[in-house]
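Enquirer: Structure in structure tokens, see below.
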Amino acid sequence: FFFSSRRRHTRCSGVSWARRCVQETAAMMWIIGEYVDTIENADELLFNFVEGFKDEVAIVQHQILTACIKLFLQRPQDSSEMIQNLLKVATEECENPDLRDRAYIYWRLLFTNPELARQIIMKKKPVISDFHYTIDSGLLDRLVENIGSLSSIYGKTPE
């Protein structure tokens, strides 16, 4: 990963980019949080965003907080000081009650029962699959050939 907060601000300057950059930044924080065990420099990437935590919008702050918690659960030696500072800022200086309450919950959970926090926060997500709806490959090929007609919507080949 080569994403840094410095690059984000130069790329996202201007009013027209504001909403898009918020979504991109929130998505990047989510990716870092989900794959914190495989991203070697996750602590450095998150540190850049923790520095400007108060300046971010709520959705990005939520993602930064969650990603940092996941980093702490995976690699406490790399992030203990960062998470303490982040939780302090989130609980004492943030006006958003959802973010503040989430930070309090994480703080209490982490420092009273870290193993329970790991089980809750790092729980494996179920695989999304649907075995109830299958379609014959021959029919699928015919439907794809007729993708511009109503046959693909109704699931029946034209006669």
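Each chain of the structure tokens is named A, B, ... in the order shown, its residues numbered from 1; ligands are numbered from 1 in display order.
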Would you list the contacts of Tyr35 of chain A as a ChimeraX atom specification, taking every protein, DNA or RNA residue within 12 Å and counting only C-alpha atoms, but skipping same-chain residues closer than 3 positions in sequence?
Expert: /A:1,28-32,38-43,67-68,70-71,74,122
Enquirer: Pull all heavy atoms from the residues just selected and write them as a short mmCIF file (atom, residue, chain, number, x, y, z; two decimals), in the first residue's frame.
Expert:
data_model
loop_
_atom_site.label_atom_id
_atom_site.label_comp_id
_atom_site.auth_asym_id
_atom_site.auth_seq_id
_atom_site.Cartn_x
_atom_site.Cartn_y
_atom_site.Cartn_z
N PHE A 1 0.82 -1.18 0.00
CA PHE A 1 0.00 0.00 0.00
C PHE A 1 0.87 1.25 0.00
O PHE A 1 1.84 1.33 0.71
CB PHE A 1 -0.90 0.02 1.23
CG PHE A 1 -2.13 -0.77 1.05
CD1 PHE A 1 -2.20 -2.07 1.48
CD2 PHE A 1 -3.23 -0.20 0.44
CE1 PHE A 1 -3.35 -2.79 1.31
CE2 PHE A 1 -4.38 -0.93 0.27
CZ PHE A 1 -4.44 -2.22 0.70
N MET A 28 -10.79 2.95 2.19
CA MET A 28 -9.39 2.60 2.43
C MET A 28 -9.17 2.20 3.88
O MET A 28 -8.49 1.23 4.18
CB MET A 28 -8.48 3.76 2.05
CG MET A 28 -7.00 3.46 2.22
SD MET A 28 -6.40 2.08 1.24
CE MET A 28 -6.55 2.75 -0.38
N MET A 29 -9.79 2.93 4.80
CA MET A 29 -9.66 2.58 6.22
C MET A 29 -10.28 1.22 6.49
O MET A 29 -9.74 0.43 7.26
CB MET A 29 -10.32 3.64 7.10
CG MET A 29 -9.67 5.00 7.06
SD MET A 29 -7.95 4.98 7.60
CE MET A 29 -7.10 4.93 6.04
N TRP A 30 -11.40 0.92 5.85
CA TRP A 30 -12.05 -0.38 6.02
C TRP A 30 -11.13 -1.49 5.51
O TRP A 30 -10.97 -2.51 6.18
CB TRP A 30 -13.39 -0.43 5.28
CG TRP A 30 -14.08 -1.73 5.45
CD1 TRP A 30 -14.89 -2.10 6.48
CD2 TRP A 30 -14.00 -2.87 4.58
NE1 TRP A 30 -15.32 -3.39 6.30
CE2 TRP A 30 -14.79 -3.88 5.14
CE3 TRP A 30 -13.34 -3.10 3.39
CZ2 TRP A 30 -14.94 -5.13 4.55
CZ3 TRP A 30 -13.48 -4.35 2.79
CH2 TRP A 30 -14.28 -5.34 3.37
N ILE A 31 -10.53 -1.28 4.35
CA ILE A 31 -9.63 -2.29 3.78
C ILE A 31 -8.45 -2.52 4.70
O ILE A 31 -8.08 -3.66 4.98
CB ILE A 31 -9.16 -1.86 2.37
CG1 ILE A 31 -10.32 -1.95 1.39
CG2 ILE A 31 -7.99 -2.71 1.90
CD1 ILE A 31 -10.04 -1.31 0.04
N ILE A 32 -7.85 -1.45 5.20
CA ILE A 32 -6.71 -1.61 6.11
C ILE A 32 -7.14 -2.37 7.36
O ILE A 32 -6.44 -3.26 7.83
CB ILE A 32 -6.10 -0.24 6.47
CG1 ILE A 32 -5.46 0.39 5.23
CG2 ILE A 32 -5.08 -0.38 7.59
CD1 ILE A 32 -5.02 1.83 5.42
N THR A 38 -2.33 -8.74 7.08
CA THR A 38 -1.49 -8.95 5.90
C THR A 38 -0.83 -7.67 5.39
O THR A 38 0.11 -7.75 4.61
CB THR A 38 -2.32 -9.56 4.75
OG1 THR A 38 -3.43 -8.72 4.47
CG2 THR A 38 -2.82 -10.94 5.11
N ILE A 39 -1.29 -6.52 5.80
CA ILE A 39 -0.68 -5.25 5.39
C ILE A 39 0.43 -4.93 6.39
O ILE A 39 0.16 -4.59 7.54
CB ILE A 39 -1.72 -4.11 5.34
CG1 ILE A 39 -2.81 -4.45 4.34
CG2 ILE A 39 -1.04 -2.80 4.99
CD1 ILE A 39 -3.96 -3.48 4.34
N GLU A 40 1.66 -5.07 5.93
CA GLU A 40 2.80 -4.93 6.83
C GLU A 40 2.92 -3.54 7.45
O GLU A 40 3.29 -3.41 8.61
CB GLU A 40 4.09 -5.28 6.09
CG GLU A 40 4.16 -6.73 5.67
CD GLU A 40 5.38 -7.03 4.82
OE1 GLU A 40 6.23 -6.13 4.65
OE2 GLU A 40 5.47 -8.15 4.33
N ASN A 41 2.63 -2.51 6.69
CA ASN A 41 2.80 -1.15 7.21
C ASN A 41 1.46 -0.53 7.62
O ASN A 41 1.30 0.69 7.56
CB ASN A 41 3.51 -0.27 6.18
CG ASN A 41 2.71 -0.10 4.91
OD1 ASN A 41 1.86 -0.91 4.58
ND2 ASN A 41 3.01 0.96 4.18
N ALA A 42 0.53 -1.34 8.06
CA ALA A 42 -0.78 -0.84 8.47
C ALA A 42 -0.67 0.18 9.59
O ALA A 42 -1.40 1.17 9.61
CB ALA A 42 -1.68 -2.00 8.89
N ASP A 43 0.26 -0.03 10.51
CA ASP A 43 0.42 0.92 11.61
C ASP A 43 0.87 2.28 11.11
O ASP A 43 0.36 3.31 11.56
CB ASP A 43 1.39 0.37 12.66
CG ASP A 43 2.75 0.00 12.10
OD1 ASP A 43 2.83 -0.34 10.89
OD2 ASP A 43 3.74 0.03 12.85
N ALA A 67 -10.47 0.35 12.41
CA ALA A 67 -9.22 -0.19 11.86
C ALA A 67 -8.12 -0.19 12.91
O ALA A 67 -7.35 -1.16 13.02
CB ALA A 67 -8.80 0.61 10.64
N CYS A 68 -8.04 0.86 13.71
CA CYS A 68 -7.01 0.93 14.76
C CYS A 68 -7.26 -0.11 15.85
O CYS A 68 -6.31 -0.70 16.38
CB CYS A 68 -6.95 2.33 15.35
SG CYS A 68 -6.22 3.54 14.23
N LYS A 70 -8.69 -3.01 15.38
CA LYS A 70 -8.29 -4.29 14.79
C LYS A 70 -6.77 -4.42 14.74
O LYS A 70 -6.23 -5.50 14.98
CB LYS A 70 -8.89 -4.44 13.40
CG LYS A 70 -10.38 -4.67 13.44
CD LYS A 70 -10.96 -4.82 12.05
CE LYS A 70 -12.46 -5.10 12.12
NZ LYS A 70 -13.02 -5.32 10.79
N LEU A 71 -6.08 -3.32 14.44
CA LEU A 71 -4.63 -3.35 14.47
C LEU A 71 -4.13 -3.66 15.87
O LEU A 71 -3.22 -4.48 16.06
CB LEU A 71 -4.06 -2.01 14.00
CG LEU A 71 -2.54 -1.87 14.09
CD1 LEU A 71 -1.84 -2.81 13.12
CD2 LEU A 71 -2.12 -0.42 13.82
N GLN A 74 -4.49 -7.31 16.66
CA GLN A 74 -3.55 -8.16 15.93
C GLN A 74 -2.10 -7.93 16.35
O GLN A 74 -1.33 -8.88 16.48
CB GLN A 74 -3.67 -7.90 14.42
CG GLN A 74 -4.94 -8.40 13.81
CD GLN A 74 -4.98 -9.91 13.75
OE1 GLN A 74 -3.96 -10.57 13.57
NE2 GLN A 74 -6.16 -10.46 13.90
N MET A 122 -12.91 -9.49 15.88
CA MET A 122 -12.18 -10.18 14.81
C MET A 122 -12.88 -11.46 14.36
O MET A 122 -12.27 -12.30 13.71
CB MET A 122 -10.76 -10.51 15.27
CG MET A 122 -9.95 -9.30 15.68
SD MET A 122 -9.74 -8.07 14.39
CE MET A 122 -8.63 -8.92 13.30
#
Enquirer: If we count only C-alpha atoms, what is near Arg102 of chain A at a cut-off of 9 Å, once residues fewer than 5 positions away on the same chain are taken out, given as a PyMOL selection string?
Expert: chain A and resi 62+65+90-91+97+107
Enquirer: Save out the residues we just selected, N, CA and C atoms, as an mmCIF file, in the first residue's frame.
Expert:
data_model
loop_
_atom_site.group_PDB
_atom_site.id
_atom_site.type_symbol
_atom_site.label_atom_id
_atom_site.label_comp_id
_atom_site.auth_asym_id
_atom_site.auth_seq_id
_atom_site.Cartn_x
_atom_site.Cartn_y
_atom_site.Cartn_z
ATOM 1 N N HIS A 62 -15.195 6.772 12.138
ATOM 2 C CA HIS A 62 -15.621 5.426 12.542
ATOM 3 C C HIS A 62 -14.702 4.361 11.956
ATOM 4 N N LEU A 65 -11.251 4.458 13.651
ATOM 5 C CA LEU A 65 -11.340 3.864 14.981
ATOM 6 C C LEU A 65 -11.393 2.348 14.906
ATOM 7 N N ALA A 90 -11.202 10.364 20.896
ATOM 8 C CA ALA A 90 -12.568 10.004 20.504
ATOM 9 C C ALA A 90 -13.556 10.140 21.659
ATOM 10 N N THR A 91 -13.120 9.871 22.872
ATOM 11 C CA THR A 91 -14.046 9.944 24.006
ATOM 12 C C THR A 91 -14.129 11.331 24.622
ATOM 13 N N PRO A 97 -21.991 11.668 19.150
ATOM 14 C CA PRO A 97 -22.273 10.729 20.240
ATOM 15 C C PRO A 97 -22.102 9.260 19.838
ATOM 16 N N TRP A 107 -13.023 0.852 24.441
ATOM 17 C CA TRP A 107 -12.068 1.061 25.519
ATOM 18 C C TRP A 107 -12.354 0.113 26.679
#
Enquirer: Could you pull the residues within 10 Å of Ile83 of chain A, counting only C-alpha atoms, minus those fewer than 2 positions along the same chain, as a ChimeraX atom specification?
Expert: /A:47,50,65,68-69,71-72,76,78-81,85-89,107
Enquirer: Give me, please, the distance in Å between atom CA of Ile59 of chain A and atom CA of Tyr104 of chain A, quoted to one decimal.
Expert: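 One can read the atom CA of Ile59 of chain A to atom CA of Tyr104 of chain A distance as 17.1 Å.
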Enquirer: Find the residues near Leu73 of chain A: any atom within 12 Å, counting only C-alpha atoms, skip ones fewer than 4 places away on the same chain, and give them as a ChimeraX atom specification.
Expert: /A:33-34,36-37,66-69,77-80,83,106,109-111,113-123
Enquirer: Print the selection's residues with C-alpha atoms to a file, as a PDB file, in the first residue's frame.
Expert:
ATOM      1  CA  GLY A  33      -8.805  -2.727   9.086  1.00  0.00           C
ATOM      2  CA  GLU A  34     -10.017  -5.908   7.400  1.00  0.00           C
ATOM      3  CA  VAL A  36      -4.474  -5.528   9.014  1.00  0.00           C
ATOM      4  CA  ASP A  37      -2.853  -8.937   9.465  1.00  0.00           C
ATOM      5  CA  THR A  66     -12.381   0.369  13.930  1.00  0.00           C
ATOM      6  CA  ALA A  67      -9.224  -0.190  11.862  1.00  0.00           C
ATOM      7  CA  CYS A  68      -7.013   0.930  14.759  1.00  0.00           C
ATOM      8  CA  ILE A  69      -8.837  -1.372  17.163  1.00  0.00           C
ATOM      9  CA  GLN A  77       3.143  -3.960  20.402  1.00  0.00           C
ATOM     10  CA  ASP A  78       2.901  -1.753  17.281  1.00  0.00           C
ATOM     11  CA  SER A  79      -0.160   0.235  18.249  1.00  0.00           C
ATOM     12  CA  SER A  80      -0.723   0.455  22.003  1.00  0.00           C
ATOM     13  CA  ILE A  83      -4.848   3.360  20.308  1.00  0.00           C
ATOM     14  CA  TYR A 106     -14.105  -0.412  22.677  1.00  0.00           C
ATOM     15  CA  LEU A 109     -13.965  -4.035  26.242  1.00  0.00           C
ATOM     16  CA  LEU A 110     -10.267  -3.865  25.384  1.00  0.00           C
ATOM     17  CA  PHE A 111      -9.041  -3.094  28.845  1.00  0.00           C
ATOM     18  CA  ASN A 113     -11.334  -8.467  28.600  1.00  0.00           C
ATOM     19  CA  PRO A 114      -9.042  -8.301  25.540  1.00  0.00           C
ATOM     20  CA  GLU A 115      -9.747 -11.906  24.570  1.00  0.00           C
ATOM     21  CA  LEU A 116     -13.492 -11.280  24.463  1.00  0.00           C
ATOM     22  CA  ALA A 117     -12.828  -8.150  22.419  1.00  0.00           C
ATOM     23  CA  ARG A 118     -10.810 -10.243  19.960  1.00  0.00           C
ATOM     24  CA  GLN A 119     -13.604 -12.809  19.684  1.00  0.00           C
ATOM     25  CA  ILE A 120     -16.220 -10.132  19.031  1.00  0.00           C
ATOM     26  CA  ILE A 121     -14.321  -7.737  16.780  1.00  0.00           C
ATOM     27  CA  MET A 122     -12.184 -10.179  14.811  1.00  0.00           C
ATOM     28  CA  LYS A 123     -14.885 -12.805  14.325  1.00  0.00           C
TER      29      LYS A 123
END
Enquirer: How many Å lie between atom CA of Cys94 of chain A and atom CA of Gln23 of chain A, rounded to one decimal?
Expert: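 Between atom CA of Cys94 of chain A and atom CA of Gln23 of chain A the gap is 20.3 Å.
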Enquirer: Any idea what's packed within 10 Å of segment 150-157 of chain A, counting only C-alpha atoms, ignoring anything in its chain fewer than 2 positions away? Could you give it as a ChimeraX atom specification?
Expert: /A:135,139-148,159
Enquirer: What is the distance between atom CA of Leu99 of chain A and atom CA of Asp55 of chain A, in Å to one decimal?
Expert: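 Atom CA of Asp55 of chain A lies 13.8 Å from atom CA of Leu99 of chain A.
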Enquirer: Quick one: pick out all helix (DSSP H, G or I) residues within chain A from a backbone DSSP run and write them as a ChimeraX atom specification.
Expert: /A:5-11,15-34,42-51,53-55,58-74,76-92,97-112,114-121,137-145,151-154
Enquirer: Write the residues of the selection above to a file with C-alpha atoms, as a short mmCIF file (atom, residue, chain, number, x, y, z; two decimals), in the first residue's frame.
Expert:
data_model
loop_
_atom_site.label_atom_id
_atom_site.label_comp_id
_atom_site.auth_asym_id
_atom_site.auth_seq_id
_atom_site.Cartn_x
_atom_site.Cartn_y
_atom_site.Cartn_z
CA SER A 5 -2.83 11.22 4.03
CA ARG A 6 -0.57 13.70 2.24
CA ARG A 7 -1.45 12.20 -1.15
CA ARG A 8 -5.14 12.14 -0.28
CA HIS A 9 -5.30 15.85 0.46
CA THR A 10 -3.64 16.90 -2.79
CA ARG A 11 -5.79 14.60 -4.88
CA VAL A 15 -15.40 21.00 -3.52
CA SER A 16 -16.43 18.58 -6.27
CA TRP A 17 -14.14 15.88 -4.89
CA ALA A 18 -15.22 16.24 -1.27
CA ARG A 19 -17.90 13.55 -1.17
CA ARG A 20 -15.94 11.14 -3.33
CA CYS A 21 -12.84 11.52 -1.18
CA VAL A 22 -14.81 10.81 1.98
CA GLN A 23 -16.04 7.54 0.50
CA GLU A 24 -12.58 6.64 -0.80
CA THR A 25 -10.95 7.38 2.53
CA ALA A 26 -13.58 5.43 4.47
CA ALA A 27 -13.17 2.50 2.08
CA MET A 28 -9.39 2.60 2.43
CA MET A 29 -9.66 2.58 6.22
CA TRP A 30 -12.05 -0.38 6.02
CA ILE A 31 -9.63 -2.29 3.78
CA ILE A 32 -6.71 -1.61 6.11
CA GLY A 33 -8.81 -2.73 9.09
CA GLU A 34 -10.02 -5.91 7.40
CA ALA A 42 -0.78 -0.84 8.47
CA ASP A 43 0.42 0.92 11.61
CA GLU A 44 2.20 3.60 9.58
CA LEU A 45 -0.79 4.08 7.28
CA LEU A 46 -3.21 4.39 10.17
CA PHE A 47 -0.89 6.68 12.11
CA ASN A 48 -1.14 9.24 9.30
CA PHE A 49 -4.92 9.29 9.69
CA VAL A 50 -4.94 9.23 13.48
CA GLU A 51 -2.97 12.49 13.46
CA PHE A 53 -8.62 12.25 13.22
CA LYS A 54 -10.52 15.29 14.53
CA ASP A 55 -10.56 16.89 11.07
CA ALA A 58 -17.85 10.97 11.06
CA ILE A 59 -17.89 8.01 8.66
CA VAL A 60 -14.13 8.22 8.21
CA GLN A 61 -13.61 8.61 11.95
CA HIS A 62 -15.62 5.43 12.54
CA GLN A 63 -13.50 3.52 10.05
CA ILE A 64 -10.25 4.85 11.49
CA LEU A 65 -11.34 3.86 14.98
CA THR A 66 -12.38 0.37 13.93
CA ALA A 67 -9.22 -0.19 11.86
CA CYS A 68 -7.01 0.93 14.76
CA ILE A 69 -8.84 -1.37 17.16
CA LYS A 70 -8.29 -4.29 14.79
CA LEU A 71 -4.63 -3.35 14.47
CA PHE A 72 -4.30 -3.27 18.25
CA LEU A 73 -5.90 -6.71 18.55
CA GLN A 74 -3.55 -8.16 15.93
CA PRO A 76 -0.59 -4.65 20.27
CA GLN A 77 3.14 -3.96 20.40
CA ASP A 78 2.90 -1.75 17.28
CA SER A 79 -0.16 0.23 18.25
CA SER A 80 -0.72 0.46 22.00
CA GLU A 81 0.26 4.12 22.29
CA MET A 82 -1.64 5.05 19.15
CA ILE A 83 -4.85 3.36 20.31
CA GLN A 84 -4.69 4.98 23.74
CA ASN A 85 -4.30 8.43 22.17
CA LEU A 86 -7.07 7.74 19.65
CA LEU A 87 -9.50 6.49 22.29
CA LYS A 88 -8.74 9.52 24.45
CA VAL A 89 -9.45 11.91 21.58
CA ALA A 90 -12.57 10.00 20.50
CA THR A 91 -14.05 9.94 24.01
CA GLU A 92 -13.06 13.42 25.19
CA PRO A 97 -22.27 10.73 20.24
CA ASP A 98 -22.19 7.54 18.15
CA LEU A 99 -18.45 7.76 17.73
CA ARG A 100 -17.89 8.69 21.36
CA ASP A 101 -20.06 5.80 22.60
CA ARG A 102 -18.34 3.34 20.28
CA ALA A 103 -14.96 4.50 21.56
CA TYR A 104 -16.11 4.04 25.17
CA ILE A 105 -17.37 0.53 24.41
CA TYR A 106 -14.11 -0.41 22.68
CA TRP A 107 -12.07 1.06 25.52
CA ARG A 108 -13.95 -0.81 28.21
CA LEU A 109 -13.96 -4.03 26.24
CA LEU A 110 -10.27 -3.87 25.38
CA PHE A 111 -9.04 -3.09 28.84
CA THR A 112 -11.37 -5.37 30.81
CA PRO A 114 -9.04 -8.30 25.54
CA GLU A 115 -9.75 -11.91 24.57
CA LEU A 116 -13.49 -11.28 24.46
CA ALA A 117 -12.83 -8.15 22.42
CA ARG A 118 -10.81 -10.24 19.96
CA GLN A 119 -13.60 -12.81 19.68
CA ILE A 120 -16.22 -10.13 19.03
CA ILE A 121 -14.32 -7.74 16.78
CA SER A 137 -25.22 -23.60 -18.25
CA GLY A 138 -26.84 -24.16 -21.68
CA LEU A 139 -29.79 -21.96 -20.73
CA LEU A 140 -27.42 -19.36 -19.31
CA ASP A 141 -25.47 -19.26 -22.58
CA ARG A 142 -28.70 -18.75 -24.57
CA LEU A 143 -29.85 -15.99 -22.19
CA VAL A 144 -26.52 -14.21 -22.52
CA GLU A 145 -26.86 -14.35 -26.31
CA SER A 151 -35.91 -13.29 -22.37
CA SER A 152 -32.96 -12.61 -20.10
CA ILE A 153 -35.26 -10.93 -17.58
CA TYR A 154 -37.86 -13.72 -17.58
#
